>>> print(open('protein28.txt').read())   # compact mmCIF, C-alpha atoms and all ligand atoms
# COMPACT_ATOMS: atom_id res chain seq x y z
CA MET J 292 40.30 -52.45 114.95
CA LEU J 293 39.30 -52.31 118.57
CA SER J 294 35.77 -53.30 119.32
CA ILE J 295 34.59 -51.56 122.43
CA LYS J 296 31.07 -51.80 123.78
CA ASP J 297 29.42 -48.41 123.99
CA GLU J 298 27.70 -48.55 127.39
CA THR J 299 26.03 -45.22 128.05
CA HIS J 300 23.19 -46.19 130.36
CA VAL J 301 24.62 -45.41 133.81
CA ARG J 302 23.20 -42.47 135.76
CA THR J 303 26.21 -40.40 136.76
CA LEU J 304 26.07 -38.83 140.24
CA ILE J 305 27.77 -35.47 140.61
CA LEU J 306 29.44 -35.30 144.03
CA ASN J 307 31.27 -32.47 145.79
CA ALA J 308 34.89 -33.05 146.83
CA GLU J 309 34.50 -30.53 149.67
CA ASN J 310 31.74 -32.59 151.26
CA GLU J 311 32.83 -35.44 153.58
CA ARG J 312 29.60 -37.36 153.07
CA ASP J 313 30.09 -37.22 149.30
CA ILE J 314 33.62 -38.58 149.69
CA LEU J 315 32.24 -41.49 151.73
CA THR J 316 29.60 -42.13 149.06
CA ALA J 317 32.31 -42.13 146.38
CA GLY J 318 34.43 -44.49 148.52
CA LYS J 319 31.50 -46.91 148.83
CA ILE J 320 30.95 -46.87 145.06
CA ILE J 321 34.61 -47.83 144.52
CA ALA J 322 34.53 -50.47 147.29
CA SER J 323 31.51 -52.09 145.64
CA GLY J 324 33.15 -52.30 142.21
CA GLY J 325 31.95 -49.02 140.67
CA LEU J 326 33.71 -46.18 138.83
CA VAL J 327 34.33 -42.70 140.23
CA ALA J 328 36.10 -39.86 138.45
CA PHE J 329 38.02 -37.79 141.01
CA PRO J 330 40.36 -34.78 141.13
CA THR J 331 44.11 -35.04 141.63
CA GLU J 332 46.72 -32.29 141.52
CA THR J 333 47.67 -33.35 137.97
CA VAL J 334 44.46 -34.21 136.07
CA TYR J 335 41.17 -35.94 136.91
CA GLY J 336 41.44 -39.71 137.26
CA LEU J 337 38.86 -42.40 136.53
CA GLY J 338 39.08 -44.67 139.55
CA ALA J 339 38.19 -48.24 140.42
CA ASP J 340 39.36 -50.71 143.09
CA ALA J 341 42.80 -51.65 141.75
CA LEU J 342 42.55 -55.17 143.18
CA ASN J 343 39.13 -55.95 141.64
CA PRO J 344 39.60 -57.10 138.03
CA GLU J 345 35.91 -56.70 137.06
CA ALA J 346 35.88 -53.12 138.34
CA VAL J 347 39.10 -52.34 136.52
CA ALA J 348 37.69 -53.82 133.31
CA ARG J 349 34.89 -51.24 133.48
CA ILE J 350 37.48 -48.44 133.29
CA PHE J 351 38.66 -49.73 129.91
CA THR J 352 35.07 -49.89 128.62
CA ALA J 353 34.16 -46.42 129.88
CA LYS J 354 37.26 -44.82 128.33
CA GLY J 355 37.43 -46.94 125.20
CA ARG J 356 41.01 -47.63 126.30
CA PRO J 357 43.12 -50.23 124.47
CA GLN J 358 43.46 -53.33 126.67
CA ASP J 359 47.26 -53.32 126.47
CA ASN J 360 47.66 -49.95 128.23
CA PRO J 361 48.30 -50.44 131.99
CA LEU J 362 46.90 -48.23 134.76
CA ILE J 363 48.53 -46.24 137.55
CA VAL J 364 47.60 -47.43 141.06
CA HIS J 365 47.01 -44.59 143.53
CA ILE J 366 47.77 -44.98 147.22
CA ALA J 367 47.16 -42.69 150.20
CA ASP J 368 50.32 -43.58 152.08
CA ILE J 369 53.66 -45.22 151.40
CA SER J 370 52.65 -48.04 153.78
CA GLN J 371 50.34 -49.32 150.99
CA LEU J 372 53.28 -49.76 148.60
CA ASP J 373 54.42 -53.09 150.08
CA GLY J 374 51.05 -54.65 149.26
CA LEU J 375 51.46 -53.82 145.56
CA ALA J 376 55.17 -54.09 144.72
CA ARG J 377 57.97 -56.54 145.53
CA GLU J 378 61.74 -56.19 145.62
CA ILE J 379 61.28 -52.45 146.16
CA PRO J 380 64.72 -50.84 145.68
CA GLU J 381 66.12 -48.32 148.16
CA THR J 382 65.97 -45.68 145.41
CA ALA J 383 62.16 -46.07 145.30
CA LYS J 384 61.94 -45.30 149.00
CA LYS J 385 64.23 -42.31 148.56
CA LEU J 386 62.18 -40.95 145.65
CA ALA J 387 58.91 -41.52 147.52
CA GLY J 388 60.37 -39.56 150.44
CA LEU J 389 61.27 -36.69 148.10
CA PHE J 390 58.31 -36.55 145.74
CA TRP J 391 55.29 -38.16 147.45
CA PRO J 392 52.61 -37.07 147.77
CA GLY J 393 53.03 -35.50 144.36
CA PRO J 394 52.96 -35.74 140.55
CA PHE J 395 55.32 -38.70 140.50
CA THR J 396 54.72 -42.33 139.44
CA MET J 397 57.15 -45.22 139.90
CA VAL J 398 57.08 -48.46 137.91
CA LEU J 399 58.10 -51.38 140.14
CA LYS J 400 57.90 -55.18 140.07
CA LYS J 401 54.35 -56.14 140.95
CA ARG J 402 53.03 -58.49 143.58
CA ILE J 403 50.91 -61.43 142.48
CA ASN J 404 47.73 -60.00 144.08
CA VAL J 405 47.68 -57.06 141.63
CA PRO J 406 45.44 -58.28 138.82
CA GLY J 407 46.64 -58.47 135.24
CA ALA J 408 43.62 -56.32 134.33
CA THR J 409 45.27 -53.41 136.17
CA THR J 410 48.77 -53.87 134.72
CA ALA J 411 47.66 -55.01 131.25
CA GLY J 412 49.33 -58.34 131.94
CA LEU J 413 52.75 -56.80 132.71
CA ASP J 414 54.93 -58.05 135.55
CA THR J 415 55.29 -54.45 136.77
CA VAL J 416 52.94 -51.99 138.44
CA ALA J 417 52.93 -48.17 138.30
CA VAL J 418 52.22 -46.54 141.69
CA ARG J 419 51.58 -42.93 142.70
CA CYS J 420 50.57 -41.11 145.89
CA PRO J 421 48.70 -37.99 144.71
CA LYS J 422 48.86 -34.61 146.44
CA ASN J 423 45.19 -33.77 146.59
CA LYS J 424 43.09 -33.81 149.74
CA ALA J 425 39.98 -35.27 148.11
CA ALA J 426 41.95 -37.96 146.26
CA LEU J 427 43.70 -39.07 149.44
CA ALA J 428 40.42 -39.06 151.38
CA LEU J 429 38.76 -41.08 148.62
CA ILE J 430 41.47 -43.76 148.66
CA LYS J 431 41.06 -44.06 152.43
CA ALA J 432 37.26 -44.15 152.17
CA ALA J 433 37.44 -46.87 149.51
CA GLY J 434 39.70 -48.94 151.75
CA ALA J 435 41.69 -50.02 148.69
CA PRO J 436 44.31 -48.69 146.32
CA ILE J 437 42.63 -47.02 143.34
CA ALA J 438 43.58 -47.75 139.74
CA ALA J 439 43.04 -44.62 137.68
CA PRO J 440 43.96 -43.47 134.22
CA SER J 441 43.14 -39.89 133.24
CA ALA J 442 39.34 -39.52 133.08
CA ASN J 443 39.09 -38.62 129.37
CA ARG J 444 37.77 -40.71 126.50
CA SER J 445 40.81 -42.50 125.10
CA GLY J 446 42.91 -40.28 122.79
CA LYS J 447 41.42 -36.99 124.02
CA PRO J 448 43.23 -34.40 126.16
CA SER J 449 43.19 -35.25 129.86
CA PRO J 450 40.51 -33.46 131.89
CA THR J 451 41.60 -30.65 134.20
CA LYS J 452 38.07 -29.59 135.26
CA ALA J 453 34.99 -31.57 136.32
CA ALA J 454 33.17 -30.13 133.27
CA HIS J 455 35.73 -31.82 130.99
CA VAL J 456 35.06 -35.14 132.73
CA LYS J 457 31.31 -34.64 132.39
CA ALA J 458 31.65 -33.92 128.68
CA ASP J 459 33.51 -37.21 128.14
CA MET J 460 32.07 -39.51 130.79
CA ASP J 461 28.48 -38.55 131.64
CA GLY J 462 26.41 -41.74 131.51
CA ARG J 463 29.52 -43.93 131.46
CA VAL J 464 30.67 -43.74 135.11
CA ASP J 465 28.86 -44.01 138.46
CA ALA J 466 30.01 -40.68 139.87
CA ILE J 467 32.12 -37.59 139.27
CA LEU J 468 33.67 -36.02 142.36
CA ASP J 469 33.92 -32.32 141.52
CA GLY J 470 37.03 -30.79 143.08
CA GLY J 471 37.41 -27.73 140.86
CA ASP J 472 40.43 -27.11 138.63
CA CYS J 473 43.50 -29.35 138.85
CA GLU J 474 46.52 -27.49 140.16
CA ILE J 475 49.13 -28.67 137.64
CA GLY J 476 47.07 -29.59 134.59
CA LEU J 477 49.39 -32.24 133.07
CA GLU J 478 49.83 -35.87 134.10
CA SER J 479 52.48 -37.15 136.50
CA THR J 480 56.10 -37.91 135.75
CA VAL J 481 56.50 -41.69 135.17
CA ILE J 482 59.83 -43.38 135.89
CA ASP J 483 60.69 -47.06 135.51
CA LEU J 484 62.80 -48.32 138.42
CA THR J 485 62.93 -51.93 137.22
CA CYS J 486 65.88 -51.15 134.94
CA SER J 487 69.30 -49.58 135.49
CA PRO J 488 69.73 -46.70 135.10
CA ALA J 489 66.14 -45.75 135.93
CA ARG J 490 64.27 -44.67 132.81
CA LEU J 491 62.03 -41.61 132.47
CA LEU J 492 58.95 -42.76 130.55
CA ARG J 493 56.83 -39.61 130.74
CA PRO J 494 57.86 -36.07 131.79
CA GLY J 495 55.53 -34.35 134.27
CA GLY J 496 55.45 -32.19 137.37
CA ILE J 497 58.75 -33.58 138.68
CA GLY J 498 61.39 -32.53 136.15
CA ALA J 499 64.31 -34.55 134.78
CA ASP J 500 66.78 -32.30 136.64
CA ALA J 501 65.21 -33.07 140.02
CA LEU J 502 65.37 -36.79 139.17
CA LYS J 503 68.99 -36.57 138.08
CA ALA J 504 69.84 -34.71 141.30
CA ALA J 505 68.24 -37.54 143.30
CA LEU J 506 69.44 -40.54 141.26
CA GLY J 507 72.61 -39.45 139.50
CA ASP J 508 72.14 -40.92 136.08
CA ILE J 509 68.77 -41.53 134.41
CA ALA J 510 67.87 -42.69 130.92
CA VAL J 511 65.27 -40.71 128.99
CA ASP J 512 63.01 -42.80 126.82
CA GLY J 513 63.28 -41.99 123.12
CA ALA J 514 59.50 -42.09 122.66
CA ILE J 515 59.08 -38.89 124.72
CA PHE J 516 60.22 -36.50 121.99
CA GLY J 517 60.57 -38.74 118.97
CA GLU J 518 58.35 -40.98 116.91
CA MET J 519 58.82 -44.68 117.52
CA ALA J 520 60.02 -46.87 114.67
CA GLN J 521 57.47 -49.25 113.15
CA GLY J 522 57.19 -52.40 115.24
CA GLU J 523 59.18 -50.89 118.14
CA LYS J 524 57.85 -51.99 121.53
CA PRO J 525 57.20 -49.05 123.88
CA ARG J 526 58.24 -49.24 127.54
CA ALA J 527 55.13 -47.36 128.62
CA PRO J 528 52.48 -48.90 126.40
CA GLY J 529 50.51 -45.64 126.48
CA MET J 530 53.26 -43.91 124.53
CA LYS J 531 52.44 -45.57 121.24
CA TYR J 532 48.97 -44.10 120.95
CA ARG J 533 48.05 -40.73 119.44
CA HIS J 534 47.14 -38.72 122.45
CA TYR J 535 45.91 -35.45 123.82
CA ALA J 536 44.59 -34.67 120.41
CA PRO J 537 41.60 -32.68 119.26
CA ARG J 538 40.07 -33.80 115.97
CA ALA J 539 41.98 -31.12 114.03
CA ARG J 540 45.50 -31.62 112.70
CA VAL J 541 48.03 -30.06 115.09
CA ILE J 542 51.29 -28.63 113.69
CA ILE J 543 54.01 -27.10 115.88
CA VAL J 544 55.50 -23.86 114.52
CA ASN J 545 59.05 -23.06 115.66
CA GLY J 546 60.64 -19.63 115.19
CA THR J 547 60.30 -16.05 116.40
CA ALA J 548 56.87 -14.85 117.46
CA LYS J 549 56.60 -12.58 114.42
CA ASN J 550 57.73 -15.16 111.88
CA ALA J 551 55.36 -17.74 113.34
CA ALA J 552 52.39 -15.37 113.19
CA ASP J 553 53.28 -14.30 109.62
CA PHE J 554 53.46 -17.96 108.62
CA VAL J 555 50.08 -18.79 110.13
CA ARG J 556 48.57 -15.74 108.42
CA SER J 557 49.95 -16.97 105.10
CA GLN J 558 48.18 -20.31 105.66
CA LEU J 559 44.87 -18.74 106.66
CA SER J 560 41.72 -20.47 105.42
CA PRO J 561 38.45 -21.47 107.14
CA GLY J 562 39.20 -23.86 110.02
CA VAL J 563 42.78 -22.69 110.60
CA TRP J 564 43.55 -21.61 114.18
CA ALA J 565 46.67 -20.63 116.11
CA LEU J 566 47.44 -21.78 119.65
CA CYS J 567 49.92 -19.23 120.93
CA PHE J 568 51.57 -17.75 124.00
CA ASP J 569 49.79 -14.95 125.91
CA GLU J 570 52.47 -12.39 125.02
CA GLU J 571 52.04 -13.13 121.30
CA ASP J 572 48.36 -12.17 121.27
CA GLY J 573 49.03 -8.90 119.41
CA PHE J 574 50.68 -10.69 116.47
CA TYR J 575 47.52 -12.61 115.63
CA ASP J 576 45.07 -9.78 114.85
CA GLY J 577 42.60 -11.13 112.32
CA VAL J 578 43.72 -14.73 112.83
CA PRO J 579 41.49 -17.05 114.91
CA HIS J 580 43.67 -17.86 117.89
CA LEU J 581 43.71 -18.97 121.50
CA CYS J 582 46.43 -18.16 124.06
CA TYR J 583 47.28 -20.90 126.56
CA GLY J 584 49.87 -19.32 128.86
CA ARG J 585 53.05 -17.26 129.01
CA SER J 586 56.21 -18.74 127.46
CA ASP J 587 58.21 -17.60 130.51
CA ASP J 588 55.75 -19.21 132.93
CA PRO J 589 55.74 -23.02 132.48
CA LYS J 590 53.04 -23.44 135.16
CA SER J 591 50.63 -21.30 133.17
CA LEU J 592 51.31 -23.34 130.01
CA ALA J 593 50.85 -26.67 131.83
CA GLY J 594 47.65 -25.36 133.39
CA GLY J 595 46.22 -24.04 130.13
CA LEU J 596 47.21 -26.55 127.44
CA PHE J 597 44.56 -29.28 127.80
CA SER J 598 41.73 -26.80 128.31
CA ALA J 599 42.79 -24.97 125.15
CA LEU J 600 43.03 -28.20 123.13
CA ARG J 601 39.55 -29.12 124.33
CA GLN J 602 38.16 -25.71 123.35
CA LEU J 603 39.57 -26.26 119.86
CA ASP J 604 38.12 -29.76 119.62
CA ARG J 605 35.26 -28.65 117.34
CA ALA J 606 34.09 -29.80 113.96
CA ASP J 607 34.84 -26.39 112.39
CA VAL J 608 38.52 -26.35 113.46
CA THR J 609 40.61 -28.27 110.95
CA THR J 610 44.22 -27.18 111.55
CA ILE J 611 45.88 -25.86 114.70
CA TYR J 612 49.29 -24.17 114.41
CA ALA J 613 50.75 -24.39 117.90
CA ARG J 614 53.57 -22.56 119.66
CA CYS J 615 55.66 -24.86 121.82
CA PRO J 616 57.97 -23.91 124.70
CA THR J 617 61.67 -24.79 124.86
CA GLY J 618 63.59 -25.49 128.06
CA GLY J 619 63.41 -28.20 130.69
CA GLY J 620 61.41 -28.84 133.86
CA LEU J 621 57.67 -28.58 133.38
CA ASN J 622 58.24 -27.30 129.83
CA ASP J 623 59.49 -30.81 128.91
CA ALA J 624 56.05 -32.08 129.88
CA VAL J 625 54.23 -29.36 127.92
CA ARG J 626 56.40 -30.05 124.86
CA ASN J 627 55.88 -33.83 125.11
CA ARG J 628 52.05 -33.46 125.21
CA LEU J 629 52.01 -30.97 122.33
CA MET J 630 54.35 -33.10 120.22
CA LYS J 631 52.15 -36.12 120.79
CA ALA J 632 49.04 -34.11 119.90
CA ALA J 633 50.89 -33.08 116.72
CA GLY J 634 52.07 -36.60 115.94
CA PHE J 635 55.57 -34.98 116.08
CA THR J 636 54.85 -32.69 113.09
CA GLN J 637 56.89 -29.46 113.33
CA ILE J 638 57.68 -26.59 110.96
CA GLY J 639 60.62 -24.17 111.33
CA VAL J 640 59.76 -20.66 110.04
CA ASP J 641 62.96 -18.66 110.67
CA ALA J 642 65.01 -18.15 107.54
O1 LIG J 701 48.88 -37.78 136.72
C1 LIG J 701 48.61 -38.93 136.37
O2 LIG J 701 49.46 -39.81 136.25
C2 LIG J 701 47.13 -39.25 136.07
C3 LIG J 701 46.35 -39.10 137.38
C4 LIG J 701 44.92 -39.55 137.25
O3 LIG J 701 47.02 -39.79 138.39
N1 LIG J 701 46.98 -40.55 135.50
C5 LIG J 701 47.36 -40.86 134.24
O4 LIG J 701 47.12 -42.15 133.84
O5 LIG J 701 47.87 -40.06 133.50
P1 LIG J 701 47.15 -42.63 132.32
O6 LIG J 701 46.60 -44.00 132.34
O7 LIG J 701 46.46 -41.66 131.47
O8 LIG J 701 48.68 -42.72 132.00
C6 LIG J 701 49.49 -43.72 132.58
C7 LIG J 701 50.75 -43.92 131.81
C8 LIG J 701 50.50 -44.60 130.48
O9 LIG J 701 51.36 -44.07 129.49
C9 LIG J 701 50.84 -46.06 130.78
O10 LIG J 701 51.22 -46.76 129.64
C10 LIG J 701 51.98 -45.90 131.78
O11 LIG J 701 51.62 -44.79 132.56
N2 LIG J 701 52.09 -47.09 132.66
C11 LIG J 701 51.20 -47.54 133.57
N3 LIG J 701 51.62 -48.69 134.12
C12 LIG J 701 52.82 -48.97 133.57
C13 LIG J 701 53.76 -50.03 133.73
N4 LIG J 701 53.57 -51.04 134.56
N5 LIG J 701 54.90 -49.98 132.97
C14 LIG J 701 55.12 -48.95 132.12
N6 LIG J 701 54.25 -47.93 131.92
C15 LIG J 701 53.12 -47.94 132.63
MG MG J 702 45.76 -40.62 129.90
>>> encode(input="protein28.txt", output="structure tokens")
Amino acid sequence: MLSIKDETHVRTLILNAENERDILTAGKIIASGGLVAFPTETVYGLGADALNPEAVARIFTAKGRPQDNPLIVHIADISQLDGLAREIPETAKKLAGLFWPGPFTMVLKKRINVPGATTAGLDTVAVRCPKNKAALALIKAAGAPIAAPSANRSGKPSPTKAAHVKADMDGRVDAILDGGDCEIGLESTVIDLTCSPARLLRPGGIGADALKAALGDIAVDGAIFGEMAQGEKPRAPGMKYRHYAPRARVIIVNGTAKNAADFVRSQLSPGVWALCFDEEDGFYDGVPHLCYGRSDDPKSLAGGLFSALRQLDRADVTTIYARCPTGGGLNDAVRNRLMKAAGFTQIGVDA
């Protein structure tokens, strides 16, 4: 069992991402070893000076994050990459040119000055340049690259609104920089460039097709859509943990809209909910349900999923039957998060 100190005595400042003075205040907190939750275009991050091991250690305490799960280092400009990574391949520069700033993280060989606390002792470092004005301004104001996992308590869905961060982190971090809703709503694509072919570790805002178009061949890690075998060592340590999950059991229901709704109705008992597509609303009359986006609009699903899972994270919700999109691009990312929330449990309901 993990033993994590429960430190809940910090007074958490709420700062406004639109306000330049507040950004400077947040930058000073990071520069002096503190923790600031901040908006990015994907999800809110929980930031500390990536080169300060004591500051980074506080992230793990605040989140209750397992020590063996490395952090993504956020930079404001590609010129900061050289200070973090060594033997940077040409492909990394090409991908940075295509996808930075944006929802795209590259795993590269790390330089010795990046502390083991940030990379969980690995010889590699994950780096991303986010596409969010406040995030970029904060990195500049801090004068240092910022290590930041998603700003949720470990295991919970990532926060896509400042209110989500507050619910998880009030009293545990020095400040929350409120920048409204995150544009994408799911975490960045993570690709490992230290192996050949490059390996997709987590699907996100940059789809596998765009990566294949840029790189030719890529490998897709088996842990994205399948359960890992016992004792198997994950390439992205974060992939072995149950994730994105409300306290209820999540079960994915595959089949036509009508068959899925009929199945859920047949399972109805107190605590059973459906998480469905907007256009399926009419099938769920009399069944407690929440819609999280349109099945033909991946952006709406990505934007709605974590908020919906958080709304259903209540003591009186025991089972969530969830509808899951097919297809690639951003839908790969939606499916990966839902499958992880479900611990890969799926039911087919078409005869
Ligand atoms: O969109 C995002 O990526 C957000 C925002 C805040 O930037 N951050 C985020 O961080 O999702 P986190 O810590 O929740 O997820 C980082 C993932 C984990 O699965 C971790 O194991 C993996 O990236 N990772 C980090 N460093 C790695 C490394 N050196 N090698 C392999 N995987 C790594
Ligand atoms: Mg996370």
>>> atom_distance(input="protein28.txt", atom1="atom CA of Ala624 of chain J", atom2="atom CA of Arg377 of chain J")
29.1 Å
>>> residues_near_ligand(input="protein28.txt", ligand="ligand MG 702 (chain J)", cutoff="10 Å", atoms="all atoms listed in the file", output="number ranges by chain")
J: 334-337, 354, 356, 360, 362-363, 439-450, 477-478, 529-530, 534-535
>>> write_last_selection(input="protein28.txt", atoms="C-alpha atoms", output="mmCIF file, in the frame of the given file")
data_model
loop_
_atom_site.group_PDB
_atom_site.id
_atom_site.type_symbol
_atom_site.label_atom_id
_atom_site.label_comp_id
_atom_site.auth_asym_id
_atom_site.auth_seq_id
_atom_site.Cartn_x
_atom_site.Cartn_y
_atom_site.Cartn_z
ATOM 1 C CA VAL J 334 44.460 -34.210 136.070
ATOM 2 C CA TYR J 335 41.170 -35.940 136.910
ATOM 3 C CA GLY J 336 41.440 -39.710 137.260
ATOM 4 C CA LEU J 337 38.860 -42.400 136.530
ATOM 5 C CA LYS J 354 37.260 -44.820 128.330
ATOM 6 C CA ARG J 356 41.010 -47.630 126.300
ATOM 7 C CA ASN J 360 47.660 -49.950 128.230
ATOM 8 C CA LEU J 362 46.900 -48.230 134.760
ATOM 9 C CA ILE J 363 48.530 -46.240 137.550
ATOM 10 C CA ALA J 439 43.040 -44.620 137.680
ATOM 11 C CA PRO J 440 43.960 -43.470 134.220
ATOM 12 C CA SER J 441 43.140 -39.890 133.240
ATOM 13 C CA ALA J 442 39.340 -39.520 133.080
ATOM 14 C CA ASN J 443 39.090 -38.620 129.370
ATOM 15 C CA ARG J 444 37.770 -40.710 126.500
ATOM 16 C CA SER J 445 40.810 -42.500 125.100
ATOM 17 C CA GLY J 446 42.910 -40.280 122.790
ATOM 18 C CA LYS J 447 41.420 -36.990 124.020
ATOM 19 C CA PRO J 448 43.230 -34.400 126.160
ATOM 20 C CA SER J 449 43.190 -35.250 129.860
ATOM 21 C CA PRO J 450 40.510 -33.460 131.890
ATOM 22 C CA LEU J 477 49.390 -32.240 133.070
ATOM 23 C CA GLU J 478 49.830 -35.870 134.100
ATOM 24 C CA GLY J 529 50.510 -45.640 126.480
ATOM 25 C CA MET J 530 53.260 -43.910 124.530
ATOM 26 C CA HIS J 534 47.140 -38.720 122.450
ATOM 27 C CA TYR J 535 45.910 -35.450 123.820
#
>>> closest_residue(input="protein28.txt", among="J:Gly393, J:Gly507, J:Gly498, J:Gly374", to="ligand LIG 701 (chain J)", atoms="all atoms listed in the file")
J:Gly393
>>> closest_residue(input="protein28.txt", among="J:Gly412, J:Gly513, J:Pro589, J:Gly471", to="ligand LIG 701 (chain J)", atoms="all atoms listed in the file")
J:Gly412
>>> residues_near_point(input="protein28.txt", point="(38.4, -43.2, 146.7)", cutoff="8 Å", atoms="all atoms listed in the file", output="list in words")
Ile314, Ala317, Gly318, Ile321, Val327, Phe329, Gly338, Ala426, Leu427, Ala428, Leu429, Ile430, Lys431, Ala432, Ala433, Gly434, Ala435 and Ile437 of chain J
>>> closest_residue(input="protein28.txt", among="J:Ile509, J:Ala367, J:Ile482, J:Ala308", to="ligand LIG 701 (chain J)", atoms="only C-alpha atoms and all ligand atoms")
J:Ile482
>>> residues_around(input="protein28.txt", residues="Ala341 of chain J", least_positions_apart="2", cutoff="7 Å", atoms="all atoms listed in the file", output="ChimeraX atom specification")
/J:339,343,347,364,409,436-438
>>> closest_residue(input="protein28.txt", among="J:Val398, J:Ile350, J:Ala408, J:Ala551", to="Asp483 of chain J", atoms="only C-alpha atoms")
J:Val398
>>> residues_around(input="protein28.txt", residues="Asp553 of chain J", least_positions_apart="3", cutoff="12 Å", atoms="all atoms listed in the file", output="list in words")
Val544, Gly546, Thr547, Ala548, Lys549, Asn550, Arg556, Ser557, Gln558, Leu559, Ala565, Glu571, Gly573, Phe574, Tyr575, Asp576, Gly577, Val578, Tyr612, Val640 and Asp641 of chain J
>>> atom_distance(input="protein28.txt", atom1="atom CA of Thr333 of chain J", atom2="atom CA of Phe597 of chain J")
11.4 Å
>>> atom_distance(input="protein28.txt", atom1="atom CA of Trp391 of chain J", atom2="atom C2 of ligand LIG 701 (chain J)")
14.0 Å
>>> closest_residue(input="protein28.txt", among="J:Asn310, J:Ser598, J:Ser586, J:Thr396", to="Leu468 of chain J", atoms="all atoms listed in the file")
J:Asn310
>>> closest_residue(input="protein28.txt", among="J:Glu570, J:Asp512, J:Glu309, J:Glu474", to="Leu491 of chain J", atoms="all atoms listed in the file")
J:Asp512
>>> closest_atom_pairs(input="protein28.txt", of="segment 491-604 of chain J", to="segment 456-460 of chain J", cutoff="12 Å", atoms="only C-alpha atoms", output="CSV")
residue,atom,partner,partner_atom,distance
J:Ser598,CA,J:Val456,CA,11.6
J:Arg601,CA,J:Ala458,CA,10.2
J:Gln602,CA,J:Ala458,CA,11.8
J:Asp604,CA,J:Ala458,CA,11.9
